[in-house]
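*Asks:* For reference, the file final02.cif (mmCIF, C-alpha atoms) is included below:
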```cif
data_data
loop_
_atom_site.label_atom_id
_atom_site.label_comp_id
_atom_site.auth_asym_id
_atom_site.auth_seq_id
_atom_site.Cartn_x
_atom_site.Cartn_y
_atom_site.Cartn_z
CA MET A 221 198.42 86.65 114.44
CA THR A 222 195.37 87.37 116.60
CA PRO A 223 192.68 88.12 114.00
CA PRO A 224 192.84 84.71 112.24
CA VAL A 225 192.41 82.98 115.58
CA SER A 226 189.26 84.88 116.50
CA VAL A 227 187.82 84.46 113.01
CA HIS A 228 188.52 80.77 113.34
CA LYS A 229 186.72 80.61 116.67
CA SER A 230 183.53 82.23 115.47
CA ALA A 231 183.62 80.13 112.32
CA LEU A 232 183.98 77.12 114.53
CA SER A 233 180.91 77.81 116.62
CA GLY A 234 178.98 78.62 113.46
CA LEU A 235 179.94 75.30 111.93
CA LEU A 236 178.98 73.53 115.10
CA ALA A 237 175.46 74.89 114.89
CA LEU A 238 175.11 74.50 111.12
CA PRO A 239 173.85 70.91 110.88
CA LEU A 240 171.39 71.57 113.69
CA LEU A 241 170.06 74.67 111.93
CA LEU A 242 169.92 72.97 108.55
CA ALA A 243 168.30 69.83 109.85
CA PRO A 244 164.67 71.04 109.79
CA LEU A 245 165.09 72.24 106.20
CA LEU A 246 166.35 68.95 104.88
CA GLY A 247 163.20 67.03 105.46
CA GLY A 248 160.44 66.26 107.89
CA SER A 249 160.93 63.60 110.48
CA ALA A 250 157.22 63.15 111.03
CA ARG A 251 155.98 59.77 109.96
CA ALA A 252 152.36 58.87 109.55
CA GLU A 253 152.59 55.18 110.36
CA THR A 254 152.09 53.85 113.88
CA PRO A 255 155.31 53.12 115.73
CA ILE A 256 156.37 49.57 116.50
CA LEU A 257 156.89 49.05 120.22
CA LEU A 258 160.00 47.21 121.31
CA LYS A 259 160.86 46.52 124.92
CA ILE A 260 164.05 45.37 126.53
CA LYS A 261 163.88 43.84 129.98
CA ASP A 262 166.47 41.64 131.72
CA HIS A 263 168.58 42.34 128.62
CA ARG A 264 166.16 40.54 126.28
CA PHE A 265 164.09 42.06 123.49
CA THR A 266 160.32 41.59 123.24
CA PRO A 267 159.35 40.99 120.55
CA ALA A 268 162.64 39.54 119.37
CA GLU A 269 161.23 39.38 115.85
CA ILE A 270 159.84 42.53 114.26
CA HIS A 271 157.95 42.44 110.96
CA VAL A 272 157.91 45.53 108.76
CA LYS A 273 156.66 46.22 105.25
CA ALA A 274 159.44 46.15 102.68
CA ASN A 275 160.39 49.40 100.90
CA GLN A 276 158.68 51.56 103.50
CA PRO A 277 160.21 53.50 106.35
CA SER A 278 159.16 52.49 109.85
CA LEU A 279 159.62 53.69 113.37
CA ILE A 280 160.53 51.54 116.35
CA VAL A 281 160.10 53.00 119.82
CA MET A 282 162.37 51.09 122.15
CA THR A 283 161.60 51.12 125.85
CA ASN A 284 164.45 50.15 128.14
CA ALA A 285 162.91 48.64 131.28
CA ASP A 286 166.34 47.79 132.70
CA ALA A 287 168.11 50.11 135.10
CA THR A 288 171.19 50.44 132.87
CA ALA A 289 171.72 51.82 129.39
CA GLU A 290 171.61 49.67 126.28
CA GLU A 291 172.77 50.35 122.75
CA PHE A 292 170.53 49.16 119.93
CA ASP A 293 173.10 48.24 117.34
CA SER A 294 172.67 46.90 113.83
CA THR A 295 175.13 47.26 111.00
CA SER A 296 172.65 45.89 108.47
CA LEU A 297 169.97 48.37 109.57
CA LYS A 298 172.65 51.10 109.85
CA VAL A 299 171.43 52.07 113.29
CA GLU A 300 173.35 52.80 116.49
CA LYS A 301 171.24 54.15 119.29
CA VAL A 302 171.92 54.39 123.00
CA VAL A 303 168.80 54.18 125.18
CA PRO A 304 169.46 55.08 128.84
CA GLY A 305 168.06 52.92 131.65
CA ASN A 306 164.31 53.36 132.31
CA ALA A 307 163.90 55.51 129.23
CA SER A 308 162.79 55.13 125.64
CA GLY A 309 164.25 56.08 122.29
CA ASN A 310 163.14 56.37 118.68
CA ILE A 311 164.77 54.12 116.12
CA ARG A 312 164.07 55.02 112.52
CA ILE A 313 164.26 52.24 109.99
CA ARG A 314 164.96 53.22 106.38
CA PRO A 315 162.96 51.57 103.57
CA LEU A 316 164.28 48.02 103.46
CA ALA A 317 164.58 45.50 100.67
CA PRO A 318 162.88 42.22 101.65
CA GLY A 319 165.11 40.22 103.96
CA ARG A 320 166.31 39.62 107.52
CA TYR A 321 168.15 42.34 109.42
CA PRO A 322 169.60 41.20 112.76
CA PHE A 323 170.06 43.66 115.63
CA MET A 324 171.50 43.40 119.13
CA GLY A 325 171.88 45.19 122.40
CA GLU A 326 175.59 45.85 122.24
CA TYR A 327 176.16 45.91 126.00
CA HIS A 328 174.52 42.50 126.52
CA SER A 329 174.85 40.79 123.18
CA ASP A 330 174.78 37.30 124.71
CA THR A 331 171.06 37.69 125.49
CA ALA A 332 169.92 40.85 123.71
CA GLN A 333 169.38 39.61 120.16
CA GLY A 334 166.62 40.30 117.69
CA VAL A 335 165.80 40.54 114.01
CA VAL A 336 163.79 42.84 111.74
CA ILE A 337 162.08 41.00 108.90
CA ALA A 338 161.07 43.08 105.91
CA GLU A 339 158.46 41.48 103.64
CA MET J 152 185.49 39.32 131.57
CA LEU J 153 186.31 38.55 127.96
CA ALA J 154 182.92 39.87 126.86
CA SER J 155 183.43 43.25 128.51
CA LEU J 156 187.02 43.40 127.27
CA LEU J 157 185.80 42.97 123.69
CA ILE J 158 182.97 45.47 124.03
CA VAL J 159 185.23 48.18 125.44
CA PHE J 160 187.96 47.37 122.91
CA ARG J 161 185.45 47.67 120.04
CA GLU J 162 184.42 51.08 121.32
CA VAL J 163 187.88 52.53 121.93
CA ILE J 164 189.57 51.17 118.81
CA GLU J 165 188.37 54.10 116.71
CA ALA J 166 189.67 56.74 119.09
CA GLY J 167 192.90 54.75 119.44
CA LEU J 168 193.58 54.70 115.70
CA ILE J 169 192.80 58.40 115.30
CA LEU J 170 195.08 59.26 118.21
CA GLY J 171 197.91 57.25 116.62
CA ILE J 172 197.52 59.05 113.29
CA VAL J 173 197.37 62.49 114.91
CA LEU J 174 200.50 61.81 116.94
CA ALA J 175 202.36 60.65 113.82
CA ALA J 176 201.14 63.65 111.81
CA THR J 177 202.45 66.04 114.46
CA LYS J 178 205.82 64.35 114.93
CA GLY J 179 208.41 66.92 115.90
CA VAL J 180 205.96 69.74 116.52
CA VAL J 181 206.68 71.46 119.81
CA GLY J 182 203.78 71.45 122.22
CA ARG J 183 201.92 68.57 120.62
CA ALA J 184 201.86 66.49 123.82
CA LEU J 185 200.04 69.31 125.58
CA TRP J 186 197.45 69.79 122.82
CA VAL J 187 196.83 66.10 122.26
CA GLY J 188 196.58 65.70 126.05
CA ILE J 189 194.00 68.50 126.16
CA GLY J 190 192.08 66.68 123.42
CA VAL J 191 192.09 63.36 125.29
CA VAL J 192 191.19 64.83 128.69
CA GLY J 193 188.56 67.10 127.15
CA GLY J 194 187.12 64.11 125.33
CA ILE J 195 186.91 62.04 128.51
CA VAL J 196 185.26 64.87 130.44
CA GLY J 197 182.89 65.42 127.51
CA ALA J 198 182.13 61.69 127.37
CA CYS J 199 181.12 61.67 131.05
CA ILE J 200 178.89 64.72 130.52
CA VAL J 201 177.27 63.22 127.41
CA ALA J 202 176.75 59.91 129.24
CA ALA J 203 175.17 61.68 132.23
CA PHE J 204 172.81 63.66 129.98
CA ALA J 205 172.15 60.89 127.44
CA GLY J 206 168.45 60.98 128.24
CA GLU J 207 168.19 64.77 127.90
CA ILE J 208 170.12 64.85 124.60
CA GLU J 209 167.85 62.13 123.28
CA GLN J 210 164.72 64.20 123.97
CA LEU J 211 165.90 67.06 121.73
CA PHE J 212 164.69 67.40 118.14
CA GLN J 213 161.74 65.02 118.43
CA GLY J 214 163.81 62.16 119.77
CA SER J 215 166.63 62.60 117.28
CA GLY J 216 168.98 64.54 119.55
CA GLN J 217 171.54 61.77 119.82
CA GLU J 218 171.84 61.32 116.05
CA LEU J 219 172.02 65.05 115.33
CA PHE J 220 174.62 65.48 118.07
CA ASN J 221 176.75 62.73 116.53
CA ALA J 222 176.33 64.18 113.03
CA THR J 223 177.35 67.62 114.31
CA ILE J 224 180.52 66.59 116.11
CA LEU J 225 181.54 64.36 113.19
CA THR J 226 181.09 67.31 110.83
CA LEU J 227 183.22 69.42 113.15
CA ALA J 228 185.97 66.78 113.05
CA VAL J 229 185.80 66.68 109.23
CA VAL J 230 186.24 70.47 109.07
CA MET J 231 189.19 70.37 111.46
CA LEU J 232 190.91 67.55 109.54
CA THR J 233 190.37 69.42 106.28
CA TRP J 234 191.83 72.59 107.74
CA HIS J 235 194.88 70.74 109.03
CA ASN J 236 195.53 69.02 105.71
CA VAL J 237 195.06 72.13 103.61
CA TRP J 238 197.23 74.24 105.86
CA MET J 239 199.97 71.63 105.89
CA ALA J 240 199.83 71.36 102.09
CA GLY J 241 200.79 75.02 101.93
CA HIS J 242 203.31 75.22 104.72
CA GLY J 243 204.39 71.70 105.56
CA ARG J 244 206.67 71.14 102.62
CA ALA J 245 208.19 74.60 102.85
CA MET J 246 208.78 73.97 106.55
CA ALA J 247 210.60 70.74 105.85
CA ARG J 248 212.66 72.28 103.02
CA GLU J 249 213.86 75.44 104.67
CA LEU J 250 215.92 74.92 107.77
CA LYS J 251 215.63 78.58 108.66
CA GLY J 252 211.96 78.05 109.28
CA VAL J 253 212.38 76.20 112.55
CA GLY J 254 210.86 78.98 114.60
CA GLU J 255 208.14 79.28 112.01
CA ALA J 256 207.51 75.55 112.21
CA VAL J 257 206.88 75.70 115.93
CA LEU J 258 204.37 78.47 115.43
CA SER J 259 202.60 76.92 112.46
CA GLY J 260 202.47 73.54 114.12
CA GLU J 261 200.64 75.06 117.03
CA ARG J 262 197.95 76.47 114.78
CA THR J 263 196.83 73.16 113.40
CA LEU J 264 197.46 71.46 116.73
CA THR J 265 194.33 73.15 118.05
CA ALA J 266 192.38 71.61 115.15
CA LEU J 267 193.83 68.18 115.81
CA ALA J 268 193.12 68.50 119.54
CA VAL J 269 189.47 69.01 118.60
CA VAL J 270 189.58 65.91 116.38
CA VAL J 271 191.06 63.78 119.18
CA GLY J 272 188.54 65.21 121.64
CA VAL J 273 185.62 64.37 119.35
CA ALA J 274 186.86 60.81 118.78
CA VAL J 275 187.33 60.18 122.50
CA LEU J 276 183.99 61.80 123.33
CA ARG J 277 181.97 59.84 120.80
CA GLU J 278 183.11 56.36 121.71
CA GLY J 279 183.98 57.26 125.29
CA SER J 280 180.41 58.13 126.24
CA GLU J 281 179.36 54.61 125.25
CA VAL J 282 182.19 53.10 127.30
CA VAL J 283 181.17 55.21 130.29
CA LEU J 284 177.53 54.07 129.99
CA PHE J 285 178.57 50.46 129.63
CA LEU J 286 181.02 50.45 132.54
CA TYR J 287 178.60 52.40 134.70
CA GLY J 288 175.99 49.78 133.93
CA ILE J 289 178.31 47.05 135.17
CA ALA J 290 179.32 48.96 138.26
CA ALA J 291 175.68 49.61 139.14
CA GLN J 292 174.79 45.94 138.90
CA PRO J 293 175.13 43.98 142.10
CA GLY J 294 176.76 40.61 141.61
CA THR J 295 179.93 38.60 141.84
CA THR J 296 180.87 39.09 138.20
CA THR J 297 181.11 42.88 138.52
CA ALA J 298 184.81 42.93 139.44
CA ALA J 299 185.73 40.58 136.61
CA MET J 300 183.68 42.59 134.11
CA LEU J 301 185.31 45.84 135.23
CA THR J 302 188.74 44.23 134.94
CA GLY J 303 187.80 43.22 131.40
CA GLY J 304 186.77 46.79 130.69
CA VAL J 305 190.08 48.17 131.90
CA LEU J 306 191.96 45.57 129.84
CA GLY J 307 189.86 46.60 126.85
CA LEU J 308 190.98 50.20 127.35
CA GLY J 309 194.58 48.97 127.53
CA ALA J 310 194.14 47.04 124.29
CA GLY J 311 192.80 50.22 122.66
CA ALA J 312 195.88 52.12 123.85
CA ALA J 313 198.07 49.37 122.40
CA VAL J 314 196.38 49.79 118.99
CA SER J 315 197.09 53.50 119.24
CA ALA J 316 200.78 52.83 119.95
CA LEU J 317 201.01 50.30 117.10
CA MET J 318 199.50 52.79 114.66
CA TYR J 319 201.89 55.50 115.83
CA TYR J 320 205.10 53.45 115.72
CA GLY J 321 204.00 51.79 112.50
CA LEU J 322 203.69 55.19 110.85
CA LEU J 323 207.02 56.36 112.28
CA ALA J 324 208.70 53.44 110.51
CA ILE J 325 207.95 55.33 107.29
CA PRO J 326 210.90 57.51 106.14
CA ALA J 327 210.50 61.08 107.40
CA HIS J 328 210.25 62.67 103.94
CA LYS J 329 207.34 60.39 103.02
CA LEU J 330 205.56 60.53 106.38
CA PHE J 331 203.83 63.81 105.54
CA LYS J 332 202.35 62.38 102.35
CA VAL J 333 201.17 59.24 104.10
CA THR J 334 199.59 61.02 107.06
CA SER J 335 197.81 63.57 104.88
CA GLY J 336 196.50 60.73 102.72
CA LEU J 337 195.28 58.90 105.82
CA ILE J 338 193.69 62.04 107.21
CA THR J 339 191.86 62.65 103.90
CA LEU J 340 190.33 59.14 103.99
CA LEU J 341 189.61 59.45 107.71
CA ALA J 342 187.69 62.68 107.05
CA ALA J 343 185.82 61.18 104.09
CA GLY J 344 184.74 58.21 106.20
CA MET J 345 183.57 60.53 108.98
CA ALA J 346 181.52 62.57 106.51
CA ALA J 347 179.84 59.37 105.29
CA GLN J 348 179.11 58.42 108.89
CA ALA J 349 177.65 61.87 109.59
CA VAL J 350 175.26 61.46 106.63
CA LEU J 351 174.20 58.12 108.04
CA PHE J 352 173.39 59.70 111.40
CA LEU J 353 171.35 62.42 109.66
CA GLN J 354 169.39 59.72 107.85
CA GLN J 355 168.91 57.84 111.10
CA ALA J 356 167.49 61.04 112.54
CA GLY J 357 164.96 61.15 109.70
CA TYR J 358 166.61 63.94 107.70
CA PHE J 359 168.26 63.93 104.33
CA GLU J 360 166.61 60.66 103.36
CA VAL J 361 167.83 60.53 99.78
CA MET J 362 169.79 57.82 98.02
CA THR J 363 169.16 55.36 100.85
CA ARG J 364 169.35 52.31 98.59
CA THR J 365 172.30 49.99 99.23
CA VAL J 366 174.72 50.22 96.32
CA TRP J 367 176.75 47.08 96.98
CA ASP J 368 177.14 44.49 99.70
CA THR J 369 180.50 43.02 100.69
CA SER J 370 179.42 41.74 104.11
CA TRP J 371 180.08 38.18 102.86
CA LEU J 372 183.70 39.17 102.27
CA LEU J 373 184.42 41.34 105.30
CA SER J 374 181.79 42.12 107.91
CA GLN J 375 181.86 45.64 109.27
CA ASP J 376 181.19 44.11 112.70
CA SER J 377 184.48 42.20 112.74
CA ILE J 378 187.49 43.82 114.39
CA VAL J 379 189.28 44.20 111.04
CA GLY J 380 186.09 45.58 109.46
CA ARG J 381 185.74 48.06 112.27
CA MET J 382 189.35 49.20 112.00
CA LEU J 383 189.00 49.69 108.25
CA HIS J 384 185.73 51.50 108.89
CA THR J 385 187.63 54.04 110.99
CA LEU J 386 190.74 54.27 108.84
CA VAL J 387 189.32 54.44 105.32
CA GLY J 388 185.57 54.58 105.96
CA TYR J 389 184.92 50.94 104.99
CA SER J 390 181.22 50.10 104.90
CA ASP J 391 180.06 46.60 103.97
CA ALA J 392 176.80 47.85 102.46
CA PRO J 393 177.08 51.57 101.65
CA ASN J 394 174.10 53.52 100.36
CA GLY J 395 174.22 56.20 97.68
CA ALA J 396 174.28 59.15 100.06
CA GLN J 397 177.15 57.64 102.05
CA LEU J 398 179.20 57.14 98.89
CA ALA J 399 178.41 60.65 97.65
CA ALA J 400 179.50 62.20 100.96
CA TYR J 401 182.66 60.10 100.97
CA GLY J 402 183.63 60.98 97.42
CA ALA J 403 182.75 64.66 97.71
CA THR J 404 184.72 65.12 100.93
CA ALA J 405 187.82 63.37 99.60
CA LEU J 406 187.64 65.40 96.37
CA VAL J 407 187.18 68.73 98.14
CA ILE J 408 190.10 68.10 100.50
CA PHE J 409 192.30 66.96 97.63
CA ALA J 410 191.40 69.98 95.50
CA LEU J 411 191.94 72.43 98.37
CA MET J 412 195.32 70.87 99.13
CA ARG J 413 196.39 71.18 95.49
CA TRP J 414 195.20 74.75 95.33
CA GLU J 415 196.95 75.74 98.56
CA HIS J 416 200.13 73.98 97.54
CA GLY J 417 200.11 75.72 94.15
CA ARG J 418 199.43 79.10 95.72
CA HIS J 419 202.50 78.78 97.94
CA HIS J 420 204.63 77.55 95.09
CA ARG J 421 203.73 80.57 92.95
CA HIS J 422 204.34 82.88 95.89
CA HIS J 423 207.78 81.41 96.54
CA GLY J 424 208.61 81.47 92.85
CA ARG J 425 207.81 85.18 92.60
CA ARG J 426 209.91 85.93 95.66
CA ARG J 427 212.89 84.07 94.24
CA ALA J 428 212.56 85.91 90.93
CA ALA J 429 212.46 89.25 92.75
CA VAL J 430 215.59 88.40 94.72
CA ALA J 431 217.40 87.35 91.53
CA ALA J 432 216.46 90.61 89.80
CA GLU J 433 217.95 92.80 92.52
#
```
Could you render the structure as structure tokens?
*Replies:*
Amino acid sequence: MTPPVSVHKSALSGLLALPLLLAPLLGGSARAETPILLKIKDHRFTPAEIHVKANQPSLIVMTNADATAEEFDSTSLKVEKVVPGNASGNIRIRPLAPGRYPFMGEYHSDTAQGVVIAE
Amino acid sequence: MLASLLIVFREVIEAGLILGIVLAATKGVVGRALWVGIGVVGGIVGACIVAAFAGEIEQLFQGSGQELFNATILTLAVVMLTWHNVWMAGHGRAMARELKGVGEAVLSGERTLTALAVVVGVAVLREGSEVVLFLYGIAAQPGTTTAAMLTGGVLGLGAGAAVSALMYYGLLAIPAHKLFKVTSGLITLLAAGMAAQAVLFLQQAGYFEVMTRTVWDTSWLLSQDSIVGRMLHTLVGYSDAPNGAQLAAYGATALVIFALMRWEHGRHHRHHGRRRAAVAAE
């Protein structure tokens, strides 16, 4: 009974590390384009409207100037990203078909609203 | 108060549903309360740690630490669910058929209980860290609404627990001999949905950026942001605008689990058949 358990344990830690080890092989995360700066302060986004080129990936760097964490959340952009208070986080936007893609700060969705416009 | 109730409820609903399914799938297995409890407590402790180190995790892997962390723990949950399902396909039916195997059932149940404890822990950890950050944010804010918001948060947790109970008792209403089939079907779809979600996190991290085009869009019919959409997202991996890679991960995972279950089931059948033939020959 003991051997299968120990095999299982080492397999488990191996599996845990696998995606992290594979990640660099699957593709580069470096992007040539300049990042778009997005700031949240008093639970409001500036700018609240972000324009990106359609069919091209882009990078948003979100700075959280509030003391508490905020989650950048957008189902249409397929992004969920927690940015701790007084910190910044990278938000990668996949190549988008032309259109409007709303996003929100999930913890303060009454004020934290914005939209990405791909054109 | 209502706002914070809804936010917390949205976050805990996923963990609540998974907990309900796991409890139903382990009905009658001795020691399940302990293992599921370990999963929940471990998940809460993990959630607090992840919340406290959110900034540090984020800095890893060129600012993609959070996404890769999510993708990793989701993958771990998929592996554990697969293992449980495949193992049960081999032993579950035999356990139910042969009364003599009661002692065996206790033992075998415990094996996959560790896997399911990991699954529960991962579910609680993932959504729990966001709840911790949110509630901490409220608590840290000075103001008269703080108490009301916290009350809303606690009520949201309660609502999540209620969903868990509904899922559990709903599944128990299914006749015992069919329950195994239903729970393994649910677990297969749960795992497939998690695999699709893991791929999405990898793409969000800037890796594996293939087949990113949206294949169809049903957001006009059922938004993934609605409560029903979110529940279906957890249960069967519903996505209102899936991309190619998501669909491929979903399909591949469901197929692999199904094939492994068939194979394991067949292997045990043949084994039992041979044993019976040998007994008859003596």
*Asks:* Do you have, as JSON lines, the list of residues of chain J lying at most 9 Å from chain A, each with its nearest atom pair and that distance in Å to one decimal, counting only C-alpha atoms and ordered by chain then number?
*Replies:*
```
{"residue": "J:Ala154", "atom": "CA", "partner": "A:Asp330", "partner_atom": "CA", "distance": 8.8}
{"residue": "J:Ser155", "atom": "CA", "partner": "A:Tyr327", "partner_atom": "CA", "distance": 8.1}
{"residue": "J:Ile158", "atom": "CA", "partner": "A:Tyr327", "partner_atom": "CA", "distance": 7.1}
{"residue": "J:Ala202", "atom": "CA", "partner": "A:Pro304", "partner_atom": "CA", "distance": 8.8}
{"residue": "J:Ala205", "atom": "CA", "partner": "A:Pro304", "partner_atom": "CA", "distance": 6.6}
{"residue": "J:Gly206", "atom": "CA", "partner": "A:Pro304", "partner_atom": "CA", "distance": 6.0}
{"residue": "J:Glu209", "atom": "CA", "partner": "A:Gly309", "partner_atom": "CA", "distance": 7.1}
{"residue": "J:Gln210", "atom": "CA", "partner": "A:Gly309", "partner_atom": "CA", "distance": 8.3}
{"residue": "J:Gln213", "atom": "CA", "partner": "A:Ser249", "partner_atom": "CA", "distance": 8.1}
{"residue": "J:Gly214", "atom": "CA", "partner": "A:Asn310", "partner_atom": "CA", "distance": 5.9}
{"residue": "J:Ser215", "atom": "CA", "partner": "A:Asn310", "partner_atom": "CA", "distance": 7.3}
{"residue": "J:Gln217", "atom": "CA", "partner": "A:Lys301", "partner_atom": "CA", "distance": 7.6}
{"residue": "J:Glu218", "atom": "CA", "partner": "A:Lys301", "partner_atom": "CA", "distance": 7.9}
{"residue": "J:Leu219", "atom": "CA", "partner": "A:Leu240", "partner_atom": "CA", "distance": 6.8}
{"residue": "J:Phe220", "atom": "CA", "partner": "A:Leu240", "partner_atom": "CA", "distance": 8.2}
{"residue": "J:Ala222", "atom": "CA", "partner": "A:Pro239", "partner_atom": "CA", "distance": 7.5}
{"residue": "J:Thr223", "atom": "CA", "partner": "A:Pro239", "partner_atom": "CA", "distance": 5.9}
{"residue": "J:Ile224", "atom": "CA", "partner": "A:Leu236", "partner_atom": "CA", "distance": 7.2}
{"residue": "J:Thr226", "atom": "CA", "partner": "A:Leu236", "partner_atom": "CA", "distance": 7.8}
{"residue": "J:Leu227", "atom": "CA", "partner": "A:Leu236", "partner_atom": "CA", "distance": 6.2}
{"residue": "J:Val230", "atom": "CA", "partner": "A:Leu235", "partner_atom": "CA", "distance": 8.4}
{"residue": "J:Arg262", "atom": "CA", "partner": "A:Val225", "partner_atom": "CA", "distance": 8.6}
{"residue": "J:Glu281", "atom": "CA", "partner": "A:Val302", "partner_atom": "CA", "distance": 7.8}
{"residue": "J:Leu284", "atom": "CA", "partner": "A:Ala289", "partner_atom": "CA", "distance": 6.3}
{"residue": "J:Phe285", "atom": "CA", "partner": "A:Tyr327", "partner_atom": "CA", "distance": 6.3}
{"residue": "J:Tyr287", "atom": "CA", "partner": "A:Thr288", "partner_atom": "CA", "distance": 7.9}
{"residue": "J:Gly288", "atom": "CA", "partner": "A:Thr288", "partner_atom": "CA", "distance": 5.0}
{"residue": "J:Ile289", "atom": "CA", "partner": "A:Thr288", "partner_atom": "CA", "distance": 8.2}
{"residue": "J:Ala291", "atom": "CA", "partner": "A:Thr288", "partner_atom": "CA", "distance": 7.8}
{"residue": "J:Gln292", "atom": "CA", "partner": "A:Thr288", "partner_atom": "CA", "distance": 8.3}
{"residue": "J:Leu351", "atom": "CA", "partner": "A:Lys298", "partner_atom": "CA", "distance": 7.4}
{"residue": "J:Phe352", "atom": "CA", "partner": "A:Val299", "partner_atom": "CA", "distance": 8.1}
{"residue": "J:Leu353", "atom": "CA", "partner": "A:Ala243", "partner_atom": "CA", "distance": 8.0}
{"residue": "J:Gln354", "atom": "CA", "partner": "A:Arg314", "partner_atom": "CA", "distance": 8.0}
{"residue": "J:Gln355", "atom": "CA", "partner": "A:Arg312", "partner_atom": "CA", "distance": 5.8}
{"residue": "J:Ala356", "atom": "CA", "partner": "A:Arg312", "partner_atom": "CA", "distance": 6.9}
{"residue": "J:Gly357", "atom": "CA", "partner": "A:Ser249", "partner_atom": "CA", "distance": 4.8}
{"residue": "J:Tyr358", "atom": "CA", "partner": "A:Gly247", "partner_atom": "CA", "distance": 5.1}
{"residue": "J:Phe359", "atom": "CA", "partner": "A:Leu246", "partner_atom": "CA", "distance": 5.4}
{"residue": "J:Glu360", "atom": "CA", "partner": "A:Gly247", "partner_atom": "CA", "distance": 7.5}
{"residue": "J:Thr363", "atom": "CA", "partner": "A:Arg314", "partner_atom": "CA", "distance": 7.3}
{"residue": "J:Arg364", "atom": "CA", "partner": "A:Pro315", "partner_atom": "CA", "distance": 8.1}
{"residue": "J:Ser374", "atom": "CA", "partner": "A:Thr295", "partner_atom": "CA", "distance": 9.0}
{"residue": "J:Gln375", "atom": "CA", "partner": "A:Thr295", "partner_atom": "CA", "distance": 7.1}
{"residue": "J:Asp376", "atom": "CA", "partner": "A:Thr295", "partner_atom": "CA", "distance": 7.0}
{"residue": "J:Asp391", "atom": "CA", "partner": "A:Thr295", "partner_atom": "CA", "distance": 8.6}
{"residue": "J:Ala392", "atom": "CA", "partner": "A:Ser296", "partner_atom": "CA", "distance": 7.6}
```
*Asks:* Selected residues, C-alpha atoms, written as a tab-separated table (two decimals), in the coordinates of the input, please.
*Replies:*
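Just written: again_32.tsv:
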```tsv
chain	number	residue	atom	x	y	z
J	154	ALA	CA	182.92	39.87	126.86
J	155	SER	CA	183.43	43.25	128.51
J	158	ILE	CA	182.97	45.47	124.03
J	202	ALA	CA	176.75	59.91	129.24
J	205	ALA	CA	172.15	60.89	127.44
J	206	GLY	CA	168.45	60.98	128.24
J	209	GLU	CA	167.85	62.13	123.28
J	210	GLN	CA	164.72	64.20	123.97
J	213	GLN	CA	161.74	65.02	118.43
J	214	GLY	CA	163.81	62.16	119.77
J	215	SER	CA	166.63	62.60	117.28
J	217	GLN	CA	171.54	61.77	119.82
J	218	GLU	CA	171.84	61.32	116.05
J	219	LEU	CA	172.02	65.05	115.33
J	220	PHE	CA	174.62	65.48	118.07
J	222	ALA	CA	176.33	64.18	113.03
J	223	THR	CA	177.35	67.62	114.31
J	224	ILE	CA	180.52	66.59	116.11
J	226	THR	CA	181.09	67.31	110.83
J	227	LEU	CA	183.22	69.42	113.15
J	230	VAL	CA	186.24	70.47	109.07
J	262	ARG	CA	197.95	76.47	114.78
J	281	GLU	CA	179.36	54.61	125.25
J	284	LEU	CA	177.53	54.07	129.99
J	285	PHE	CA	178.57	50.46	129.63
J	287	TYR	CA	178.60	52.40	134.70
J	288	GLY	CA	175.99	49.78	133.93
J	289	ILE	CA	178.31	47.05	135.17
J	291	ALA	CA	175.68	49.61	139.14
J	292	GLN	CA	174.79	45.94	138.90
J	351	LEU	CA	174.20	58.12	108.04
J	352	PHE	CA	173.39	59.70	111.40
J	353	LEU	CA	171.35	62.42	109.66
J	354	GLN	CA	169.39	59.72	107.85
J	355	GLN	CA	168.91	57.84	111.10
J	356	ALA	CA	167.49	61.04	112.54
J	357	GLY	CA	164.96	61.15	109.70
J	358	TYR	CA	166.61	63.94	107.70
J	359	PHE	CA	168.26	63.93	104.33
J	360	GLU	CA	166.61	60.66	103.36
J	363	THR	CA	169.16	55.36	100.85
J	364	ARG	CA	169.35	52.31	98.59
J	374	SER	CA	181.79	42.12	107.91
J	375	GLN	CA	181.86	45.64	109.27
J	376	ASP	CA	181.19	44.11	112.70
J	391	ASP	CA	180.06	46.60	103.97
J	392	ALA	CA	176.80	47.85	102.46
```
*Asks:* Determine the nearest neighbour of Lys273 (chain A) from the options A:Gln333, A:Pro318, A:Phe292, A:Pro255, counting all atoms listed in the file.
*Replies:*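 Closest candidate: A:Pro318.
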*Asks:* Give me the residues near region 334-337 of chain A as a list of chain:residue names, where near means some atom within 9 Å (using only C-alpha atoms) and where sequence neighbours in that chain fewer than 2 positions away do not count.
*Replies:*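 Non-adjacent residues within range: A:Arg264, A:Phe265, A:Thr266, A:Pro267, A:Ala268, A:Glu269, A:Ile270, A:His271, A:Val272, A:Lys273, A:Ala274, A:Leu297, A:Pro318, A:Gly319, A:Arg320, A:Tyr321, A:Pro322, A:Phe323, A:Met324, A:Gly325, A:Ala332, A:Glu339.
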*Asks:* Do you have the CA of Ala347 (chain J)-CA of Trp367 (chain J) distance handy?
*Replies:* 15.2 Å
*Asks:* Within 9 Å of (183.1, 48.6, 135.9) in the file's own coordinates, which protein, DNA or RNA residues have an atom, counting only C-alpha atoms? List them as a CSV table (one decimal) with C-alpha atoms, keeping the file's coordinate frame.
*Replies:*
```csv
chain,number,residue,atom,x,y,z
J,283,VAL,CA,181.2,55.2,130.3
J,285,PHE,CA,178.6,50.5,129.6
J,286,LEU,CA,181.0,50.4,132.5
J,287,TYR,CA,178.6,52.4,134.7
J,288,GLY,CA,176.0,49.8,133.9
J,289,ILE,CA,178.3,47.0,135.2
J,290,ALA,CA,179.3,49.0,138.3
J,291,ALA,CA,175.7,49.6,139.1
J,297,THR,CA,181.1,42.9,138.5
J,298,ALA,CA,184.8,42.9,139.4
J,299,ALA,CA,185.7,40.6,136.6
J,300,MET,CA,183.7,42.6,134.1
J,301,LEU,CA,185.3,45.8,135.2
J,302,THR,CA,188.7,44.2,134.9
J,303,GLY,CA,187.8,43.2,131.4
J,304,GLY,CA,186.8,46.8,130.7
J,305,VAL,CA,190.1,48.2,131.9
```
